[in-house]
file final-v9.cif (mmCIF, C-alpha atoms)
data_model
#
loop_
_atom_site.label_atom_id
_atom_site.label_comp_id
_atom_site.auth_asym_id
_atom_site.auth_seq_id
_atom_site.Cartn_x
_atom_site.Cartn_y
_atom_site.Cartn_z
CA MET A 10 71.30 106.48 46.76
CA ALA A 11 71.94 103.31 44.74
CA LYS A 12 73.67 101.75 47.75
CA ASP A 13 70.70 102.59 50.01
CA ASP A 14 68.30 101.13 47.44
CA THR A 15 70.27 97.88 47.17
CA LEU A 16 70.43 97.60 50.96
CA ALA A 17 66.72 98.37 51.28
CA ASN A 18 65.99 95.55 48.84
CA GLN A 19 68.21 93.15 50.81
CA ILE A 20 66.53 94.08 54.10
CA ALA A 21 63.04 93.82 52.63
CA LYS A 22 63.80 90.43 51.05
CA THR A 23 65.23 89.02 54.29
CA LEU A 24 62.33 90.26 56.42
CA ALA A 25 59.81 89.08 53.83
CA GLY A 26 61.32 85.60 54.00
CA ARG A 27 60.94 85.55 57.77
CA ILE A 28 57.35 86.76 57.59
CA ILE A 29 56.37 84.32 54.84
CA SER A 30 57.94 81.36 56.66
CA GLY A 31 56.18 82.29 59.91
CA ALA A 32 59.41 83.08 61.77
CA LEU A 33 57.92 86.55 62.30
CA GLU A 34 54.29 86.12 63.36
CA PRO A 35 51.40 88.53 62.73
CA GLY A 36 51.51 91.45 65.12
CA THR A 37 55.26 91.23 65.73
CA PRO A 38 56.75 94.76 65.90
CA LEU A 39 59.37 95.62 63.29
CA ARG A 40 61.63 98.02 65.18
CA GLN A 41 63.62 100.37 63.01
CA ASP A 42 66.55 100.59 65.44
CA HIS A 43 66.87 96.82 65.80
CA VAL A 44 66.70 96.19 62.05
CA ALA A 45 69.19 98.98 61.32
CA GLU A 46 71.60 97.48 63.84
CA GLU A 47 71.23 93.94 62.46
CA PHE A 48 72.02 95.04 58.91
CA GLY A 49 74.54 97.75 59.80
CA ALA A 50 72.35 100.27 58.02
CA SER A 51 71.10 103.79 58.53
CA HIS A 52 67.38 104.39 59.02
CA VAL A 53 66.92 105.47 55.38
CA PRO A 54 67.11 101.99 53.75
CA VAL A 55 65.25 100.47 56.70
CA ARG A 56 62.31 102.86 56.21
CA GLU A 57 62.32 102.07 52.49
CA ALA A 58 62.39 98.33 53.24
CA PHE A 59 59.39 98.75 55.54
CA ARG A 60 57.53 100.61 52.76
CA ARG A 61 58.20 97.71 50.39
CA LEU A 62 56.89 95.22 52.93
CA GLU A 63 53.74 97.33 53.33
CA ALA A 64 53.29 97.42 49.55
CA GLN A 65 53.42 93.61 49.53
CA GLY A 66 50.85 93.43 52.31
CA LEU A 67 53.37 91.86 54.69
CA ALA A 68 53.56 94.77 57.14
CA VAL A 69 51.28 97.54 58.39
CA SER A 70 52.14 100.94 59.82
CA GLU A 71 49.94 102.08 62.69
CA PRO A 72 49.90 105.53 64.33
CA ARG A 73 51.78 105.50 67.65
CA ARG A 74 52.37 101.74 67.32
CA GLY A 75 54.92 101.74 64.51
CA VAL A 76 55.34 99.02 61.90
CA ARG A 77 54.13 95.50 62.60
CA VAL A 78 53.86 92.22 60.73
CA ALA A 79 50.46 92.19 59.05
CA GLY A 80 47.86 89.58 59.88
CA PHE A 81 45.41 88.22 57.31
CA SER A 82 41.82 87.13 57.22
CA ARG A 83 39.95 84.54 55.19
CA ALA A 84 38.55 87.40 53.12
CA GLU A 85 42.09 88.51 52.25
CA VAL A 86 43.04 84.99 51.16
CA LYS A 87 40.02 84.99 48.82
CA GLU A 88 40.81 88.49 47.55
CA VAL A 89 44.40 87.58 46.72
CA ALA A 90 43.27 84.42 44.90
CA GLU A 91 40.72 86.35 42.81
CA MET A 92 43.25 89.05 41.92
CA ARG A 93 45.86 86.46 41.00
CA ALA A 94 43.39 84.55 38.83
CA ALA A 95 42.45 87.66 36.86
CA LEU A 96 45.99 88.95 36.41
CA GLU A 97 47.63 85.58 35.67
CA VAL A 98 45.08 84.79 32.97
CA LEU A 99 45.74 88.22 31.43
CA ALA A 100 49.48 87.56 31.51
CA LEU A 101 49.06 84.09 30.01
CA GLN A 102 46.96 85.44 27.14
CA ASN A 103 49.73 87.89 26.29
CA ALA A 104 52.51 85.35 26.84
CA ALA A 105 50.95 82.56 24.75
CA PRO A 106 52.15 83.79 21.32
CA HIS A 107 55.73 83.75 22.65
CA LEU A 108 55.70 80.36 24.36
CA THR A 109 58.13 78.09 22.54
CA ARG A 110 58.44 74.34 22.85
CA ALA A 111 61.62 74.88 24.89
CA ILE A 112 59.77 77.11 27.38
CA LEU A 113 56.96 74.57 27.75
CA ASP A 114 59.47 71.75 28.18
CA HIS A 115 61.23 73.76 30.89
CA ALA A 116 57.90 74.41 32.65
CA GLU A 117 57.23 70.66 32.59
CA GLU A 118 60.60 69.96 34.20
CA ILE A 119 59.83 72.49 36.94
CA ASN A 120 56.46 70.84 37.54
CA ASP A 121 58.18 67.46 37.92
CA GLU A 122 60.50 69.04 40.51
CA GLY A 123 57.45 70.24 42.43
CA ASP A 124 55.91 66.77 42.39
CA SER A 125 59.01 65.39 44.13
CA ALA A 126 59.67 68.36 46.42
CA PRO A 127 61.05 67.31 49.84
CA ASP A 128 59.25 70.04 51.78
CA VAL A 129 56.61 72.74 51.45
CA GLN A 130 59.21 75.48 50.85
CA ALA A 131 60.72 73.63 47.90
CA TRP A 132 57.25 72.88 46.51
CA GLU A 133 56.17 76.53 46.79
CA GLN A 134 59.32 77.67 44.99
CA ALA A 135 58.76 75.17 42.18
CA ASN A 136 55.11 76.18 41.97
CA ARG A 137 56.04 79.86 41.70
CA ASN A 138 58.75 79.10 39.11
CA PHE A 139 56.23 77.16 37.01
CA HIS A 140 53.82 80.10 36.90
CA ARG A 141 56.64 82.62 36.28
CA THR A 142 58.07 80.56 33.41
CA LEU A 143 54.75 80.57 31.57
CA LEU A 144 53.86 84.19 32.31
CA ALA A 145 57.20 86.00 31.89
CA PRO A 146 57.06 86.03 28.05
CA CYS A 147 54.05 88.39 28.26
CA GLY A 148 56.61 91.21 28.37
CA MET A 149 54.53 93.30 30.80
CA PRO A 150 56.82 94.12 33.75
CA ARG A 151 54.25 96.00 35.84
CA LEU A 152 51.77 93.17 35.52
CA LEU A 153 54.44 90.61 36.43
CA LYS A 154 55.47 92.67 39.48
CA ALA A 155 51.86 92.78 40.69
CA ILE A 156 51.54 89.01 40.20
CA ASP A 157 54.81 88.41 42.05
CA ASP A 158 53.57 90.41 45.05
CA LEU A 159 50.33 88.43 45.08
CA GLN A 160 52.23 85.15 44.86
CA THR A 161 54.31 86.27 47.85
CA ALA A 162 51.07 86.74 49.80
CA SER A 163 49.85 83.32 48.65
CA ALA A 164 53.08 81.73 49.88
CA ARG A 165 52.54 83.26 53.30
CA PHE A 166 49.00 81.87 53.51
CA LEU A 167 50.31 78.48 52.42
CA PHE A 168 53.08 78.30 55.02
CA SER A 169 50.84 79.53 57.83
CA GLY A 170 48.39 76.68 57.35
CA TRP A 171 50.68 73.78 56.52
CA SER A 172 51.25 71.03 59.03
CA ALA A 173 54.68 69.71 59.92
CA GLU A 174 54.03 66.55 57.91
CA TRP A 175 54.67 66.96 54.22
CA GLU A 176 53.78 65.00 51.14
CA ALA A 177 54.26 66.65 47.76
CA PRO A 178 50.96 66.94 45.86
CA THR A 179 50.76 65.91 42.22
CA ASP A 180 49.66 68.99 40.33
CA ARG A 181 47.29 67.79 37.62
CA ASP A 182 46.20 71.36 36.82
CA HIS A 183 49.74 72.30 35.81
CA SER A 184 49.90 69.28 33.51
CA ALA A 185 46.52 70.13 32.00
CA ILE A 186 47.63 73.75 31.38
CA LEU A 187 50.70 72.48 29.51
CA VAL A 188 48.64 70.05 27.42
CA ALA A 189 46.29 72.86 26.40
CA LEU A 190 49.15 75.24 25.56
CA ARG A 191 50.94 72.60 23.48
CA ALA A 192 47.71 72.15 21.54
CA GLY A 193 47.36 75.89 21.00
CA GLN A 194 44.23 76.00 23.16
CA VAL A 195 45.03 79.25 24.97
CA GLU A 196 41.47 79.89 26.15
CA GLN A 197 41.28 76.39 27.65
CA ALA A 198 44.65 76.89 29.35
CA GLY A 199 43.41 80.19 30.78
CA SER A 200 40.25 78.57 32.14
CA ILE A 201 42.25 75.85 33.90
CA LEU A 202 44.68 78.44 35.26
CA LYS A 203 41.82 80.55 36.62
CA ARG A 204 40.23 77.57 38.38
CA HIS A 205 43.62 76.47 39.67
CA VAL A 206 44.45 79.82 41.25
CA LEU A 207 40.94 80.34 42.65
CA LEU A 208 41.46 77.18 44.69
CA GLY A 209 43.86 79.40 46.62
CA GLY A 210 40.83 81.12 48.12
CA ARG A 211 40.05 77.86 49.89
CA ALA A 212 43.42 76.08 50.13
CA PRO A 213 46.22 78.57 49.34
CA ARG A 214 48.75 77.44 46.77
#
call {"tool": "encode", "arguments": {"input": "final-v9.cif", "output": "structure tokens"}}
result
Amino acid sequence: MAKDDTLANQIAKTLAGRIISGALEPGTPLRQDHVAEEFGASHVPVREAFRRLEAQGLAVSEPRRGVRVAGFSRAEVKEVAEMRAALEVLALQNAAPHLTRAILDHAEEINDEGDSAPDVQAWEQANRNFHRTLLAPCGMPRLLKAIDDLQTASARFLFSGWSAEWEAPTDRDHSAILVALRAGQVEQAGSILKRHVLLGGRAPR
């Protein structure tokens, strides 16, 4: 069972990467036989991988049509942003007492990496790492898992709407969050974080 679970995770992660990057477009069928053949797997881990993709909102299962790559609407982009804002602020409030100078310094280094990212994929990874670094000390694994799934959805929205031309944005919100946290102003940091993530409802980030 452990082997099937590990393989299911590998399959889900690979397919999620393809969906998020746009290599697999909305509506594309995910055929169990084809995926099983590609990964040299039985149908058991493939079905579990599909369930994980559905849980992340990346795939949908339809009667008589099988599993397909999920589409998304403007309303879904807004919903994900609002959920992220609420949950990330909650995580930050619980993480704040455990944020050391070393953690904040590391978050600042990650933010600098994002500012000089060579492409949108590198920027998104730095952006996600910044948020994870500040939130992980909350010590609430279920909350962090929910946030991670929402950030995966946000990444998909981001990649779907980005043009081929790329110029790394300077993230002033991240810098302002760090300034507030260094000053012990947790409520202020939470307010900036909430506004920052809600921008995702208009321009996913």
call {"tool": "residues_near_point", "arguments": {"input": "final-v9.cif", "point": "(50.5, 98.8, 57.4)", "cutoff": "9 Å", "atoms": "all atoms listed in the file", "output": "number ranges by chain"}}
result
A: 60, 62-64, 66-71, 75-79
call {"tool": "residues_around", "arguments": {"input": "final-v9.cif", "residues": "Pro146 (chain A)", "least_positions_apart": "6", "cutoff": "8 Å", "atoms": "all atoms listed in the file", "output": "list in words"}}
result
Asn103, Ala104, Ala105, His107 and Leu108 of chain A
call {"tool": "atom_distance", "arguments": {"input": "final-v9.cif", "atom1": "CA of Ala95 (chain A)", "atom2": "CA of Ala192 (chain A)"}}
result
22.4 Å
call {"tool": "closest_residue", "arguments": {"input": "final-v9.cif", "among": "A:Leu113, A:Met149, A:Leu207, A:Ala135", "to": "Val188 (chain A)", "atoms": "only C-alpha atoms"}}
result
A:Leu113
call {"tool": "closest_residue", "arguments": {"input": "final-v9.cif", "among": "A:Gln134, A:Ala198, A:Ile119, A:Val206", "to": "Val89 (chain A)", "atoms": "all atoms listed in the file"}}
result
A:Val206
call {"tool": "resolve_selection", "arguments": {"input": "final-v9.cif", "expression": "the PyMOL selection byres ((chain A and resi 44) around 12)", "output": "MDAnalysis selection string"}}
result
chainID A and resid 16:17 19:21 23:24 38:43 45:56 58:59 76
call {"tool": "write_last_selection", "arguments": {"input": "final-v9.cif", "atoms": "C-alpha atoms", "output": "PDB file, in the coordinates of the input"}}
result
ATOM      1  CA  LEU A  16      70.430  97.600  50.960  1.00  0.00           C
ATOM      2  CA  ALA A  17      66.720  98.370  51.280  1.00  0.00           C
ATOM      3  CA  GLN A  19      68.210  93.150  50.810  1.00  0.00           C
ATOM      4  CA  ILE A  20      66.530  94.080  54.100  1.00  0.00           C
ATOM      5  CA  ALA A  21      63.040  93.820  52.630  1.00  0.00           C
ATOM      6  CA  THR A  23      65.230  89.020  54.290  1.00  0.00           C
ATOM      7  CA  LEU A  24      62.330  90.260  56.420  1.00  0.00           C
ATOM      8  CA  PRO A  38      56.750  94.760  65.900  1.00  0.00           C
ATOM      9  CA  LEU A  39      59.370  95.620  63.290  1.00  0.00           C
ATOM     10  CA  ARG A  40      61.630  98.020  65.180  1.00  0.00           C
ATOM     11  CA  GLN A  41      63.620 100.370  63.010  1.00  0.00           C
ATOM     12  CA  ASP A  42      66.550 100.590  65.440  1.00  0.00           C
ATOM     13  CA  HIS A  43      66.870  96.820  65.800  1.00  0.00           C
ATOM     14  CA  ALA A  45      69.190  98.980  61.320  1.00  0.00           C
ATOM     15  CA  GLU A  46      71.600  97.480  63.840  1.00  0.00           C
ATOM     16  CA  GLU A  47      71.230  93.940  62.460  1.00  0.00           C
ATOM     17  CA  PHE A  48      72.020  95.040  58.910  1.00  0.00           C
ATOM     18  CA  GLY A  49      74.540  97.750  59.800  1.00  0.00           C
ATOM     19  CA  ALA A  50      72.350 100.270  58.020  1.00  0.00           C
ATOM     20  CA  SER A  51      71.100 103.790  58.530  1.00  0.00           C
ATOM     21  CA  HIS A  52      67.380 104.390  59.020  1.00  0.00           C
ATOM     22  CA  VAL A  53      66.920 105.470  55.380  1.00  0.00           C
ATOM     23  CA  PRO A  54      67.110 101.990  53.750  1.00  0.00           C
ATOM     24  CA  VAL A  55      65.250 100.470  56.700  1.00  0.00           C
ATOM     25  CA  ARG A  56      62.310 102.860  56.210  1.00  0.00           C
ATOM     26  CA  ALA A  58      62.390  98.330  53.240  1.00  0.00           C
ATOM     27  CA  PHE A  59      59.390  98.750  55.540  1.00  0.00           C
ATOM     28  CA  VAL A  76      55.340  99.020  61.900  1.00  0.00           C
TER      29      VAL A  76
END
call {"tool": "residues_near_point", "arguments": {"input": "final-v9.cif", "point": "(52.3, 93.5, 40.6)", "cutoff": "12 Å", "atoms": "all atoms listed in the file", "output": "list in words"}}
result
Ala64, Gln65, Gly66, Val89, Met92, Arg93, Leu96, Glu97, Ala100, Met149, Pro150, Arg151, Leu152, Leu153, Lys154, Ala155, Ile156, Asp157, Asp158, Leu159, Gln160, Thr161 and Ala162 of chain A
call {"tool": "closest_residue", "arguments": {"input": "final-v9.cif", "among": "A:Leu187, A:Ala131, A:Val98, A:Ala84", "to": "Glu117 (chain A)", "atoms": "all atoms listed in the file"}}
result
A:Leu187
call {"tool": "atom_distance", "arguments": {"input": "final-v9.cif", "atom1": "CA of Gly193 (chain A)", "atom2": "CA of Asn138 (chain A)"}}
result
21.6 Å
call {"tool": "closest_residue", "arguments": {"input": "final-v9.cif", "among": "A:Gln102, A:Ser163, A:Ser125, A:Ser169", "to": "Gly148 (chain A)", "atoms": "only C-alpha atoms"}}
result
A:Gln102
call {"tool": "atom_distance", "arguments": {"input": "final-v9.cif", "atom1": "CA of His205 (chain A)", "atom2": "CA of Asp180 (chain A)"}}
result
9.6 Å
call {"tool": "closest_residue", "arguments": {"input": "final-v9.cif", "among": "A:Ala111, A:Phe168, A:Val86, A:Asn120", "to": "Ala185 (chain A)", "atoms": "all atoms listed in the file"}}
result
A:Asn120
call {"tool": "closest_residue", "arguments": {"input": "final-v9.cif", "among": "A:Ala94, A:Val129, A:Leu99, A:Leu190", "to": "Ile112 (chain A)", "atoms": "only C-alpha atoms"}}
result
A:Leu190
call {"tool": "axis_aligned_box", "arguments": {"input": "final-v9.cif", "around": "region 118-133 of chain A", "padding_each_side": "8 Å", "output": "JSON"}}
result
{"center_x": 58.5, "center_y": 71.0, "center_z": 43.0, "size_x": 21.1, "size_y": 27.1, "size_z": 33.6}
call {"tool": "resolve_selection", "arguments": {"input": "final-v9.cif", "expression": "the PyMOL selection byres ((chain A and resi 31) around 10)", "output": "mmCIF file with C-alpha atoms, in the frame of the given file"}}
result
data_model
loop_
_atom_site.group_PDB
_atom_site.id
_atom_site.type_symbol
_atom_site.label_atom_id
_atom_site.label_comp_id
_atom_site.auth_asym_id
_atom_site.auth_seq_id
_atom_site.Cartn_x
_atom_site.Cartn_y
_atom_site.Cartn_z
ATOM 1 C CA ALA A 25 59.810 89.080 53.830
ATOM 2 C CA GLY A 26 61.320 85.600 54.000
ATOM 3 C CA ARG A 27 60.940 85.550 57.770
ATOM 4 C CA ILE A 28 57.350 86.760 57.590
ATOM 5 C CA ILE A 29 56.370 84.320 54.840
ATOM 6 C CA SER A 30 57.940 81.360 56.660
ATOM 7 C CA ALA A 32 59.410 83.080 61.770
ATOM 8 C CA LEU A 33 57.920 86.550 62.300
ATOM 9 C CA GLU A 34 54.290 86.120 63.360
ATOM 10 C CA PRO A 35 51.400 88.530 62.730
ATOM 11 C CA ARG A 165 52.540 83.260 53.300
ATOM 12 C CA PHE A 166 49.000 81.870 53.510
ATOM 13 C CA PHE A 168 53.080 78.300 55.020
ATOM 14 C CA SER A 169 50.840 79.530 57.830
ATOM 15 C CA GLY A 170 48.390 76.680 57.350
#
call {"tool": "build_atoms", "arguments": {"input": "final-v9.cif", "residues": "region 139-154 of chain A", "atoms": "N, CA and C atoms", "output": "short mmCIF file (atom, residue, chain, number, x, y, z; two decimals), in the coordinates of the input"}}
result
data_model
loop_
_atom_site.label_atom_id
_atom_site.label_comp_id
_atom_site.auth_asym_id
_atom_site.auth_seq_id
_atom_site.Cartn_x
_atom_site.Cartn_y
_atom_site.Cartn_z
N PHE A 139 57.07 77.65 38.10
CA PHE A 139 56.23 77.16 37.01
C PHE A 139 55.38 78.30 36.45
N HIS A 140 54.69 79.00 37.34
CA HIS A 140 53.82 80.10 36.90
C HIS A 140 54.65 81.19 36.23
N ARG A 141 55.81 81.54 36.83
CA ARG A 141 56.64 82.62 36.28
C ARG A 141 57.16 82.25 34.90
N THR A 142 57.54 80.99 34.70
CA THR A 142 58.07 80.56 33.41
C THR A 142 57.05 80.75 32.30
N LEU A 143 55.79 80.44 32.59
CA LEU A 143 54.75 80.57 31.57
C LEU A 143 54.31 82.01 31.36
N LEU A 144 54.40 82.83 32.39
CA LEU A 144 53.86 84.19 32.31
C LEU A 144 54.89 85.23 31.88
N ALA A 145 56.16 85.00 32.17
CA ALA A 145 57.20 86.00 31.89
C ALA A 145 57.24 86.47 30.44
N PRO A 146 57.00 85.58 29.44
CA PRO A 146 57.06 86.03 28.05
C PRO A 146 55.98 87.06 27.67
N CYS A 147 55.07 87.38 28.58
CA CYS A 147 54.05 88.39 28.26
C CYS A 147 54.70 89.75 28.02
N GLY A 148 55.90 89.96 28.60
CA GLY A 148 56.61 91.21 28.37
C GLY A 148 55.94 92.42 29.01
N MET A 149 55.24 92.22 30.12
CA MET A 149 54.53 93.30 30.80
C MET A 149 55.05 93.38 32.24
N PRO A 150 56.14 94.13 32.45
CA PRO A 150 56.82 94.12 33.75
C PRO A 150 55.96 94.57 34.92
N ARG A 151 55.09 95.54 34.72
CA ARG A 151 54.25 96.00 35.84
C ARG A 151 53.25 94.92 36.23
N LEU A 152 52.71 94.26 35.25
CA LEU A 152 51.77 93.17 35.52
C LEU A 152 52.48 92.04 36.25
N LEU A 153 53.68 91.69 35.80
CA LEU A 153 54.44 90.61 36.43
C LEU A 153 54.83 90.96 37.86
N LYS A 154 55.14 92.24 38.11
CA LYS A 154 55.47 92.67 39.48
C LYS A 154 54.26 92.53 40.39
#
